[in-house]
Amino acid sequence: MRVIGLMSGTSHDAIDAGAVDLTLDGDSLRLTPLGVISRAYDDDLRTALTKALPPSRTTMADVCRLDTRIGQAFAAAATEADRELCDGRAELVASHGQTVFHWVAEGRVHGTLQIGQAAWIAEATGLPVVADFRPRDVAAGGQGAPLVSLVDQLWLRGRPGTPIALNLGGIANITAPDGTAFDTGPANALIDAAVYELTPQGREQDLTYDKDGEIAARGTVHGDLLARLLAEPYYALPAPKTTGKELFHPAYLRRALEGYEALAPEDVVATLTRLTAVTVADAVRTVKASEVVASGGGIRNPVLMAALRAELGPGVPVRASDELGLASAAKEAYAFAVLGFLTVHGLPGTVAASTGARHASVLGSLTPGRTGLRLPGLTEDARPPRRLVVDGH
């Protein structure tokens with residue numbers, strides 16, 4: 001089955017559309033990558049989305065407009081991916097949508113909201129769409145994240161030692177072979193906020209990230225500020241746990257910098273980069289990793305990756321997911337394509353141990369395509385796969 005996975009993460013800067021061909025083969029799920037396209041949100045939409053995110057106040061009218069406009073942007077990306085990557089022969093779209101709120105209180109997730117109305121995608125492509133993946137796990141008592149943990153486990157199963165999957169998006173998360181999975185804290189979220197709010201490039205050029213780690217490379221880590229940041233209670237919480245920009249947002253950064261206003265922006269960015277490296281490394285050590293397989297936008301930051309390798313030491317190699325056949329820029333989109341495939345086959349897409357749910361769940365809500373509810377490739381005797389095989393690796 002040819003499936004298009006759509007993903008926009010906590011950095012909310014672009015939509016990744018990854019296409020794969022998936023086949024159940026006994027106890028294996030075979031994945032053939034067909035490519036990925038990435039399309040940035042237009043400036044007006046990204047600005048409107050940023051202004052609506054916590055801790056800002058918004059209105060239901062704004063949420064409705066964003067739901068529609070993001071849905072239309074996802075629809076355009078899916079249509080382009082079908083044409084360019086699938087020769088117009090895609091059979092299913094799996095859309096993560098855009099997370100705008102993750103309701104966490106006292107260590108428990110009570111709700112989660114992803115917008116980007118799936119009807120626009122179904123109308124534009126004519127294909128059935130699986131979307132709204134996270135709420136079912138939350139309803140089963142889970143954290144609703146990290147949802148890619150099942151894919152990571154299937155993919156890394158059989159590798160020697162204790163391989164750990166790491167995603168460095170706006171928020172960082174890890175998955176271990178035993179099912180342990182959790183958000184470690186910010187990956188790029190606070191770095192991006194500092195670049196945009198504190199540097200001349202951010203203010204004058206609308207730069208929203210530290211390209212190639214160039215700003216951090218010019219700075220010096222400030223020990224006292226790093227210690228203040230590391231005192232954040234979230235880091236000491238036990239797994240499973242999840243977080244997001246509801247906690248790690250620009251106002252959080254401004255409060256953390258009180259009394260440090262004289263610090264050069266480069267030093268702030270360098271310190272936040274080290275914060276990510278330290279908190280990720282601390283989390284990786286708790287699961288006794290033998291190697292780290294990393295993906296996400298953060299791996300394009302050489303200063304961050306060097307700091308992470310230094311924190312972990314030579315005994316725990318850090319490699320990009322590209323080395324194992326999944327392009328780091330596409331891995332999350334591919335993962336949601338897998339979850340959509342599992343849904344239409346009636347198979348669970350979660351690991352209860354990873355999210356803290358009472359049981360594994362079949363995820364998502366289905367929006368029919370032009371042919372109604374006739375689902376391609378659905379078989380009654382489908383069984384949950386035990387491993388994910390990437391063709392060519």
# chains A, B, ... in the order shown; residues from 1 in each chain; ligands from 1
>>> select_by_dssp(residues="region 4-57 of chain A", states="helix (DSSP H, G or I)", output="NGL selection string")
:A and (43-52)
>>> write_last_selection(atoms="all heavy atoms", output="mmCIF file, in the first residue's frame")
data_model
loop_
_atom_site.group_PDB
_atom_site.id
_atom_site.type_symbol
_atom_site.label_atom_id
_atom_site.label_comp_id
_atom_site.auth_asym_id
_atom_site.auth_seq_id
_atom_site.Cartn_x
_atom_site.Cartn_y
_atom_site.Cartn_z
ATOM 1 N N ASP A 43 4.317 32.859 5.447
ATOM 2 C CA ASP A 43 4.645 33.724 6.585
ATOM 3 C C ASP A 43 3.412 34.134 7.376
ATOM 4 O O ASP A 43 3.430 34.151 8.613
ATOM 5 C CB ASP A 43 5.393 34.965 6.098
ATOM 6 C CG ASP A 43 6.791 34.653 5.596
ATOM 7 O OD1 ASP A 43 7.301 33.560 5.911
ATOM 8 O OD2 ASP A 43 7.368 35.495 4.877
ATOM 9 N N ASP A 44 2.334 34.457 6.684
ATOM 10 C CA ASP A 44 1.120 34.903 7.378
ATOM 11 C C ASP A 44 0.542 33.792 8.249
ATOM 12 O O ASP A 44 0.124 34.027 9.392
ATOM 13 C CB ASP A 44 0.067 35.365 6.367
ATOM 14 C CG ASP A 44 0.422 36.694 5.727
ATOM 15 O OD1 ASP A 44 1.308 37.381 6.263
ATOM 16 O OD2 ASP A 44 -0.196 37.043 4.703
ATOM 17 N N LEU A 45 0.531 32.564 7.712
ATOM 18 C CA LEU A 45 -0.022 31.447 8.466
ATOM 19 C C LEU A 45 0.853 31.114 9.661
ATOM 20 O O LEU A 45 0.353 30.876 10.765
ATOM 21 C CB LEU A 45 -0.186 30.226 7.554
ATOM 22 C CG LEU A 45 -0.722 28.956 8.204
ATOM 23 C CD1 LEU A 45 -2.026 29.220 8.946
ATOM 24 C CD2 LEU A 45 -0.913 27.852 7.158
ATOM 25 N N ARG A 46 2.154 31.106 9.456
ATOM 26 C CA ARG A 46 3.042 30.788 10.570
ATOM 27 C C ARG A 46 2.935 31.842 11.672
ATOM 28 O O ARG A 46 2.924 31.524 12.860
ATOM 29 C CB ARG A 46 4.495 30.681 10.095
ATOM 30 C CG ARG A 46 5.432 30.127 11.179
ATOM 31 C CD ARG A 46 6.836 29.923 10.668
ATOM 32 N NE ARG A 46 7.595 29.103 11.601
ATOM 33 C CZ ARG A 46 8.190 29.572 12.688
ATOM 34 N NH1 ARG A 46 8.091 30.861 12.980
ATOM 35 N NH2 ARG A 46 8.867 28.761 13.493
ATOM 36 N N THR A 47 2.831 33.113 11.278
ATOM 37 C CA THR A 47 2.681 34.174 12.274
ATOM 38 C C THR A 47 1.379 34.016 13.046
ATOM 39 O O THR A 47 1.346 34.145 14.279
ATOM 40 C CB THR A 47 2.728 35.550 11.590
ATOM 41 O OG1 THR A 47 4.013 35.721 10.968
ATOM 42 C CG2 THR A 47 2.514 36.664 12.600
ATOM 43 N N ALA A 48 0.292 33.719 12.329
ATOM 44 C CA ALA A 48 -1.001 33.541 12.998
ATOM 45 C C ALA A 48 -0.960 32.351 13.945
ATOM 46 O O ALA A 48 -1.510 32.404 15.055
ATOM 47 C CB ALA A 48 -2.103 33.337 11.953
ATOM 48 N N LEU A 49 -0.299 31.269 13.528
ATOM 49 C CA LEU A 49 -0.181 30.096 14.392
ATOM 50 C C LEU A 49 0.644 30.408 15.631
ATOM 51 O O LEU A 49 0.253 30.073 16.762
ATOM 52 C CB LEU A 49 0.441 28.949 13.600
ATOM 53 C CG LEU A 49 0.755 27.661 14.364
ATOM 54 C CD1 LEU A 49 -0.497 27.083 14.998
ATOM 55 C CD2 LEU A 49 1.409 26.642 13.433
ATOM 56 N N THR A 50 1.765 31.072 15.439
ATOM 57 C CA THR A 50 2.631 31.412 16.574
ATOM 58 C C THR A 50 1.902 32.281 17.586
ATOM 59 O O THR A 50 2.009 32.081 18.803
ATOM 60 C CB THR A 50 3.890 32.140 16.072
ATOM 61 O OG1 THR A 50 4.600 31.294 15.164
ATOM 62 C CG2 THR A 50 4.808 32.507 17.228
ATOM 63 N N LYS A 51 1.133 33.239 17.094
ATOM 64 C CA LYS A 51 0.402 34.150 17.995
ATOM 65 C C LYS A 51 -0.700 33.434 18.771
ATOM 66 O O LYS A 51 -1.119 33.907 19.839
ATOM 67 C CB LYS A 51 -0.194 35.303 17.195
ATOM 68 C CG LYS A 51 0.836 36.311 16.704
ATOM 69 C CD LYS A 51 0.176 37.444 15.947
ATOM 70 C CE LYS A 51 1.189 38.502 15.542
ATOM 71 N NZ LYS A 51 0.566 39.613 14.777
ATOM 72 N N ALA A 52 -1.186 32.301 18.251
ATOM 73 C CA ALA A 52 -2.284 31.594 18.915
ATOM 74 C C ALA A 52 -1.812 30.560 19.925
ATOM 75 O O ALA A 52 -2.611 30.059 20.725
ATOM 76 C CB ALA A 52 -3.163 30.908 17.858
#
>>> select_by_dssp(residues="region 104-320 of chain A", states="strand (DSSP E)", output="ChimeraX atom specification")
/A:104-105,108-115,129-131,163-168,171-175,181-186,291-295,318-320
>>> residues_around(residues="region 84-90 of chain A", least_positions_apart="3", cutoff="7 Å", atoms="only C-alpha atoms", output="PDB file with N, CA, C and O atoms, in the first residue's frame")
ATOM      1  N   ARG A   2       0.582   2.175  -0.907  1.00  0.00           N
ATOM      2  CA  ARG A   2       1.310   3.436  -0.932  1.00  0.00           C
ATOM      3  C   ARG A   2       0.616   4.443  -0.013  1.00  0.00           C
ATOM      4  O   ARG A   2      -0.558   4.762  -0.191  1.00  0.00           O
ATOM      5  N   VAL A   3       1.376   4.928   0.959  1.00  0.00           N
ATOM      6  CA  VAL A   3       0.820   5.801   1.989  1.00  0.00           C
ATOM      7  C   VAL A   3       1.645   7.071   2.059  1.00  0.00           C
ATOM      8  O   VAL A   3       2.880   7.031   2.011  1.00  0.00           O
ATOM      9  N   ILE A   4       0.965   8.192   2.198  1.00  0.00           N
ATOM     10  CA  ILE A   4       1.617   9.483   2.407  1.00  0.00           C
ATOM     11  C   ILE A   4       1.437   9.868   3.867  1.00  0.00           C
ATOM     12  O   ILE A   4       0.311   9.949   4.367  1.00  0.00           O
ATOM     13  N   ALA A  19       6.383   9.718   1.531  1.00  0.00           N
ATOM     14  CA  ALA A  19       5.639   8.637   0.892  1.00  0.00           C
ATOM     15  C   ALA A  19       6.398   7.324   1.044  1.00  0.00           C
ATOM     16  O   ALA A  19       7.622   7.277   0.901  1.00  0.00           O
ATOM     17  N   LEU A  34       9.753   6.202  -0.577  1.00  0.00           N
ATOM     18  CA  LEU A  34       9.537   6.758  -1.908  1.00  0.00           C
ATOM     19  C   LEU A  34       9.964   8.216  -1.998  1.00  0.00           C
ATOM     20  O   LEU A  34       9.922   8.806  -3.075  1.00  0.00           O
ATOM     21  N   GLY A  35      10.354   8.797  -0.883  1.00  0.00           N
ATOM     22  CA  GLY A  35      10.834  10.174  -0.888  1.00  0.00           C
ATOM     23  C   GLY A  35      10.035  11.074   0.016  1.00  0.00           C
ATOM     24  O   GLY A  35       9.031  10.677   0.614  1.00  0.00           O
ATOM     25  N   GLU A  80       0.725  17.296  -3.730  1.00  0.00           N
ATOM     26  CA  GLU A  80       2.024  17.365  -4.383  1.00  0.00           C
ATOM     27  C   GLU A  80       2.813  16.069  -4.183  1.00  0.00           C
ATOM     28  O   GLU A  80       3.452  15.563  -5.106  1.00  0.00           O
ATOM     29  N   ALA A  81       2.763  15.517  -2.966  1.00  0.00           N
ATOM     30  CA  ALA A  81       3.478  14.268  -2.697  1.00  0.00           C
ATOM     31  C   ALA A  81       2.913  13.118  -3.522  1.00  0.00           C
ATOM     32  O   ALA A  81       3.664  12.271  -4.033  1.00  0.00           O
TER      33      ALA A  81
END
>>> atom_distance(atom1="CA of Gly369 (chain A)", atom2="CA of Ala17 (chain A)")
18.3 Å
>>> residues_around(residues="Thr32 (chain A)", least_positions_apart="3", cutoff="9 Å", atoms="only C-alpha atoms", output="PyMOL selection string")
chain A and resi 19-23+389-392
>>> residues_around(residues="Leu275 (chain A)", least_positions_apart="5", cutoff="10 Å", atoms="only C-alpha atoms", output="ChimeraX atom specification")
/A:185-187,190-191,221,225-227,229-230,269-270,280-281,304,307-308
>>> write_last_selection(atoms="N, CA, C and O atoms", output="PDB file, in the first residue's frame")
ATOM      1  N   GLY A 185      12.709  16.842  27.098  1.00  0.00           N
ATOM      2  CA  GLY A 185      12.680  18.279  27.321  1.00  0.00           C
ATOM      3  C   GLY A 185      12.857  18.984  25.988  1.00  0.00           C
ATOM      4  O   GLY A 185      12.618  18.408  24.927  1.00  0.00           O
ATOM      5  N   PRO A 186      13.287  20.238  26.007  1.00  0.00           N
ATOM      6  CA  PRO A 186      13.435  20.966  24.749  1.00  0.00           C
ATOM      7  C   PRO A 186      14.616  20.450  23.936  1.00  0.00           C
ATOM      8  O   PRO A 186      15.669  20.115  24.494  1.00  0.00           O
ATOM      9  N   ALA A 187      14.433  20.363  22.623  1.00  0.00           N
ATOM     10  CA  ALA A 187      15.557  20.142  21.721  1.00  0.00           C
ATOM     11  C   ALA A 187      15.900  21.494  21.104  1.00  0.00           C
ATOM     12  O   ALA A 187      16.883  22.134  21.463  1.00  0.00           O
ATOM     13  N   LEU A 190      13.720  26.135  22.851  1.00  0.00           N
ATOM     14  CA  LEU A 190      14.255  27.324  23.515  1.00  0.00           C
ATOM     15  C   LEU A 190      15.357  27.975  22.692  1.00  0.00           C
ATOM     16  O   LEU A 190      15.499  29.210  22.701  1.00  0.00           O
ATOM     17  N   ILE A 191      16.133  27.184  21.979  1.00  0.00           N
ATOM     18  CA  ILE A 191      17.152  27.748  21.085  1.00  0.00           C
ATOM     19  C   ILE A 191      16.492  28.633  20.040  1.00  0.00           C
ATOM     20  O   ILE A 191      16.913  29.764  19.796  1.00  0.00           O
ATOM     21  N   VAL A 221      29.255  28.952  27.014  1.00  0.00           N
ATOM     22  CA  VAL A 221      28.250  28.443  27.942  1.00  0.00           C
ATOM     23  C   VAL A 221      28.387  29.161  29.282  1.00  0.00           C
ATOM     24  O   VAL A 221      29.489  29.259  29.836  1.00  0.00           O
ATOM     25  N   LEU A 225      23.675  30.220  34.517  1.00  0.00           N
ATOM     26  CA  LEU A 225      22.409  30.150  33.791  1.00  0.00           C
ATOM     27  C   LEU A 225      22.050  28.704  33.471  1.00  0.00           C
ATOM     28  O   LEU A 225      20.888  28.300  33.606  1.00  0.00           O
ATOM     29  N   LEU A 226      23.045  27.921  33.084  1.00  0.00           N
ATOM     30  CA  LEU A 226      22.783  26.502  32.794  1.00  0.00           C
ATOM     31  C   LEU A 226      22.252  25.803  34.039  1.00  0.00           C
ATOM     32  O   LEU A 226      21.294  25.017  33.960  1.00  0.00           O
ATOM     33  N   ALA A 227      22.834  26.085  35.192  1.00  0.00           N
ATOM     34  CA  ALA A 227      22.373  25.457  36.437  1.00  0.00           C
ATOM     35  C   ALA A 227      20.931  25.866  36.743  1.00  0.00           C
ATOM     36  O   ALA A 227      20.120  25.033  37.185  1.00  0.00           O
ATOM     37  N   LEU A 229      18.619  26.674  34.554  1.00  0.00           N
ATOM     38  CA  LEU A 229      17.765  25.983  33.588  1.00  0.00           C
ATOM     39  C   LEU A 229      17.608  24.507  33.946  1.00  0.00           C
ATOM     40  O   LEU A 229      16.519  23.928  33.822  1.00  0.00           O
ATOM     41  N   LEU A 230      18.674  23.888  34.411  1.00  0.00           N
ATOM     42  CA  LEU A 230      18.625  22.464  34.749  1.00  0.00           C
ATOM     43  C   LEU A 230      17.807  22.191  36.007  1.00  0.00           C
ATOM     44  O   LEU A 230      17.453  21.033  36.277  1.00  0.00           O
ATOM     45  N   VAL A 269      22.403  31.456  23.514  1.00  0.00           N
ATOM     46  CA  VAL A 269      22.156  30.354  22.573  1.00  0.00           C
ATOM     47  C   VAL A 269      23.113  29.193  22.847  1.00  0.00           C
ATOM     48  O   VAL A 269      22.707  28.018  22.814  1.00  0.00           O
ATOM     49  N   ALA A 270      24.370  29.497  23.145  1.00  0.00           N
ATOM     50  CA  ALA A 270      25.331  28.436  23.472  1.00  0.00           C
ATOM     51  C   ALA A 270      24.899  27.678  24.724  1.00  0.00           C
ATOM     52  O   ALA A 270      25.007  26.439  24.790  1.00  0.00           O
ATOM     53  N   VAL A 280      19.279  15.583  27.191  1.00  0.00           N
ATOM     54  CA  VAL A 280      19.154  14.382  26.355  1.00  0.00           C
ATOM     55  C   VAL A 280      20.117  13.306  26.839  1.00  0.00           C
ATOM     56  O   VAL A 280      19.744  12.130  26.984  1.00  0.00           O
ATOM     57  N   ALA A 281      21.365  13.674  27.088  1.00  0.00           N
ATOM     58  CA  ALA A 281      22.347  12.691  27.545  1.00  0.00           C
ATOM     59  C   ALA A 281      21.947  12.081  28.880  1.00  0.00           C
ATOM     60  O   ALA A 281      22.093  10.869  29.089  1.00  0.00           O
ATOM     61  N   LEU A 304      25.260  21.369  18.447  1.00  0.00           N
ATOM     62  CA  LEU A 304      24.430  20.539  19.314  1.00  0.00           C
ATOM     63  C   LEU A 304      24.883  19.085  19.268  1.00  0.00           C
ATOM     64  O   LEU A 304      25.010  18.430  20.315  1.00  0.00           O
ATOM     65  N   ALA A 307      28.122  18.621  21.130  1.00  0.00           N
ATOM     66  CA  ALA A 307      27.909  18.695  22.574  1.00  0.00           C
ATOM     67  C   ALA A 307      27.277  17.406  23.095  1.00  0.00           C
ATOM     68  O   ALA A 307      27.645  16.911  24.172  1.00  0.00           O
ATOM     69  N   LEU A 308      26.336  16.851  22.346  1.00  0.00           N
ATOM     70  CA  LEU A 308      25.694  15.604  22.764  1.00  0.00           C
ATOM     71  C   LEU A 308      26.707  14.461  22.786  1.00  0.00           C
ATOM     72  O   LEU A 308      26.738  13.663  23.738  1.00  0.00           O
TER      73      LEU A 308
END
>>> atom_distance(atom1="CA of Phe101 (chain A)", atom2="CA of Pro146 (chain A)")
14.8 Å
>>> closest_residue(among="A:Leu31, A:Val278, A:Val362, A:Leu339", to="Leu147 (chain A)", atoms="only C-alpha atoms")
A:Leu339
>>> atom_distance(atom1="CA of Asp62 (chain A)", atom2="CA of Ala118 (chain A)")
17.7 Å
>>> residues_around(residues="Val293 (chain A)", least_positions_apart="3", cutoff="6 Å", atoms="only C-alpha atoms", output="number ranges by chain")
A: 165-166, 319-321
>>> write_last_selection(atoms="N, CA, C and O atoms", output="mmCIF file, in the first residue's frame")
data_model
loop_
_atom_site.group_PDB
_atom_site.id
_atom_site.type_symbol
_atom_site.label_atom_id
_atom_site.label_comp_id
_atom_site.auth_asym_id
_atom_site.auth_seq_id
_atom_site.Cartn_x
_atom_site.Cartn_y
_atom_site.Cartn_z
ATOM 1 N N ALA A 165 16.378 5.274 19.969
ATOM 2 C CA ALA A 165 15.955 6.228 18.943
ATOM 3 C C ALA A 165 15.771 7.590 19.599
ATOM 4 O O ALA A 165 15.138 7.708 20.651
ATOM 5 N N LEU A 166 16.324 8.611 18.980
ATOM 6 C CA LEU A 166 16.242 9.980 19.491
ATOM 7 C C LEU A 166 15.701 10.883 18.397
ATOM 8 O O LEU A 166 16.200 10.864 17.273
ATOM 9 N N ARG A 319 24.571 8.214 15.778
ATOM 10 C CA ARG A 319 24.531 8.193 14.313
ATOM 11 C C ARG A 319 23.179 8.686 13.830
ATOM 12 O O ARG A 319 22.177 8.598 14.539
ATOM 13 N N ALA A 320 23.161 9.194 12.618
ATOM 14 C CA ALA A 320 21.921 9.673 12.022
ATOM 15 C C ALA A 320 21.100 8.495 11.529
ATOM 16 O O ALA A 320 21.628 7.463 11.108
ATOM 17 N N SER A 321 19.773 8.642 11.567
ATOM 18 C CA SER A 321 18.888 7.572 11.107
ATOM 19 C C SER A 321 19.110 7.259 9.629
ATOM 20 O O SER A 321 18.796 6.155 9.172
#
>>> closest_atom_pairs(of="region 38-121 of chain A", to="region 129-145 of chain A", cutoff="9 Å", atoms="only C-alpha atoms", output="Markdown table")
| residue | atom | partner | partner_atom | distance |
| --- | --- | --- | --- | --- |
| A:Leu92 | CA | A:Val129 | CA | 6.1 |
| A:Val93 | CA | A:Val129 | CA | 4.8 |
| A:Ala94 | CA | A:Val130 | CA | 4.8 |
| A:Ser95 | CA | A:Ala131 | CA | 4.9 |
| A:His96 | CA | A:Ala131 | CA | 5.9 |
| A:Gly97 | CA | A:Ala131 | CA | 7.1 |
| A:His102 | CA | A:Gly144 | CA | 8.9 |
| A:Val104 | CA | A:Gln143 | CA | 8.6 |
| A:Arg108 | CA | A:Gln143 | CA | 7.0 |
| A:Val109 | CA | A:Gln143 | CA | 5.3 |
| A:His110 | CA | A:Val138 | CA | 6.8 |
| A:Gly111 | CA | A:Val138 | CA | 6.4 |
| A:Thr112 | CA | A:Pro135 | CA | 6.2 |
| A:Leu113 | CA | A:Pro135 | CA | 7.8 |
| A:Gln114 | CA | A:Asp132 | CA | 6.6 |
| A:Ile115 | CA | A:Asp132 | CA | 8.2 |
| A:Gln117 | CA | A:Ala131 | CA | 8.8 |
| A:Ala118 | CA | A:Val129 | CA | 6.6 |
| A:Ala119 | CA | A:Val129 | CA | 8.1 |
| A:Ile121 | CA | A:Val129 | CA | 7.2 |
>>> write_last_selection(atoms="N, CA, C and O atoms", output="JSON list (two decimals), in the first residue's frame")
[["chain", "number", "residue", "atom", "x", "y", "z"],
["A", 92, "LEU", "N", -3.61, 6.06, 0.55],
["A", 92, "LEU", "CA", -4.00, 6.49, 1.89],
["A", 92, "LEU", "C", -3.13, 7.67, 2.29],
["A", 92, "LEU", "O", -1.96, 7.75, 1.92],
["A", 93, "VAL", "N", -3.71, 8.58, 3.07],
["A", 93, "VAL", "CA", -2.97, 9.67, 3.69],
["A", 93, "VAL", "C", -3.09, 9.54, 5.20],
["A", 93, "VAL", "O", -4.19, 9.29, 5.72],
["A", 94, "ALA", "N", -1.98, 9.70, 5.90],
["A", 94, "ALA", "CA", -1.97, 9.70, 7.36],
["A", 94, "ALA", "C", -1.45, 11.05, 7.81],
["A", 94, "ALA", "O", -0.29, 11.39, 7.55],
["A", 95, "SER", "N", -2.29, 11.84, 8.46],
["A", 95, "SER", "CA", -1.94, 13.21, 8.82],
["A", 95, "SER", "C", -1.85, 13.38, 10.32],
["A", 95, "SER", "O", -2.84, 13.21, 11.04],
["A", 96, "HIS", "N", -0.68, 13.76, 10.80],
["A", 96, "HIS", "CA", -0.52, 14.06, 12.21],
["A", 96, "HIS", "C", -1.23, 15.36, 12.59],
["A", 96, "HIS", "O", -1.73, 15.51, 13.70],
["A", 97, "GLY", "N", -1.29, 16.31, 11.65],
["A", 97, "GLY", "CA", -1.83, 17.62, 11.98],
["A", 97, "GLY", "C", -0.82, 18.46, 12.74],
["A", 97, "GLY", "O", 0.35, 18.09, 12.87],
["A", 102, "HIS", "N", -1.31, 20.61, 24.43],
["A", 102, "HIS", "CA", -1.19, 19.30, 25.06],
["A", 102, "HIS", "C", -1.45, 19.54, 26.54],
["A", 102, "HIS", "O", -0.65, 20.15, 27.25],
["A", 104, "VAL", "N", -1.49, 18.98, 30.08],
["A", 104, "VAL", "CA", -0.80, 18.18, 31.09],
["A", 104, "VAL", "C", -0.99, 18.85, 32.44],
["A", 104, "VAL", "O", -0.76, 20.05, 32.59],
["A", 108, "ARG", "N", -0.18, 14.08, 34.44],
["A", 108, "ARG", "CA", -1.14, 13.32, 33.65],
["A", 108, "ARG", "C", -1.62, 14.14, 32.46],
["A", 108, "ARG", "O", -1.84, 15.34, 32.58],
["A", 109, "VAL", "N", -1.78, 13.49, 31.31],
["A", 109, "VAL", "CA", -2.32, 14.17, 30.14],
["A", 109, "VAL", "C", -3.83, 13.99, 30.14],
["A", 109, "VAL", "O", -4.34, 12.86, 30.17],
["A", 110, "HIS", "N", -4.54, 15.09, 30.10],
["A", 110, "HIS", "CA", -6.00, 15.06, 30.12],
["A", 110, "HIS", "C", -6.60, 15.25, 28.73],
["A", 110, "HIS", "O", -7.77, 14.91, 28.51],
["A", 111, "GLY", "N", -5.83, 15.78, 27.81],
["A", 111, "GLY", "CA", -6.32, 16.00, 26.46],
["A", 111, "GLY", "C", -5.22, 16.52, 25.57],
["A", 111, "GLY", "O", -4.16, 16.97, 26.04],
["A", 112, "THR", "N", -5.44, 16.46, 24.28],
["A", 112, "THR", "CA", -4.46, 16.95, 23.32],
["A", 112, "THR", "C", -5.21, 17.41, 22.08],
["A", 112, "THR", "O", -6.25, 16.84, 21.73],
["A", 113, "LEU", "N", -4.71, 18.45, 21.43],
["A", 113, "LEU", "CA", -5.42, 19.01, 20.28],
["A", 113, "LEU", "C", -4.45, 19.21, 19.12],
["A", 113, "LEU", "O", -3.49, 19.98, 19.23],
["A", 114, "GLN", "N", -4.76, 18.51, 18.03],
["A", 114, "GLN", "CA", -4.05, 18.71, 16.77],
["A", 114, "GLN", "C", -5.06, 19.24, 15.75],
["A", 114, "GLN", "O", -6.16, 18.69, 15.63],
["A", 115, "ILE", "N", -4.70, 20.31, 15.04],
["A", 115, "ILE", "CA", -5.61, 20.89, 14.07],
["A", 115, "ILE", "C", -5.02, 20.75, 12.66],
["A", 115, "ILE", "O", -3.85, 20.41, 12.49],
["A", 117, "GLN", "N", -7.77, 20.42, 9.49],
["A", 117, "GLN", "CA", -8.96, 19.64, 9.18],
["A", 117, "GLN", "C", -8.71, 18.63, 8.06],
["A", 117, "GLN", "O", -8.38, 18.98, 6.93],
["A", 118, "ALA", "N", -8.93, 17.34, 8.39],
["A", 118, "ALA", "CA", -8.64, 16.27, 7.44],
["A", 118, "ALA", "C", -9.55, 16.29, 6.22],
["A", 118, "ALA", "O", -9.20, 15.77, 5.16],
["A", 119, "ALA", "N", -10.74, 16.88, 6.34],
["A", 119, "ALA", "CA", -11.67, 16.92, 5.20],
["A", 119, "ALA", "C", -11.04, 17.63, 4.01],
["A", 119, "ALA", "O", -11.31, 17.26, 2.85],
["A", 121, "ILE", "N", -7.94, 17.53, 3.15],
["A", 121, "ILE", "CA", -7.00, 16.60, 2.53],
["A", 121, "ILE", "C", -7.76, 15.57, 1.70],
["A", 121, "ILE", "O", -7.37, 15.25, 0.56]]
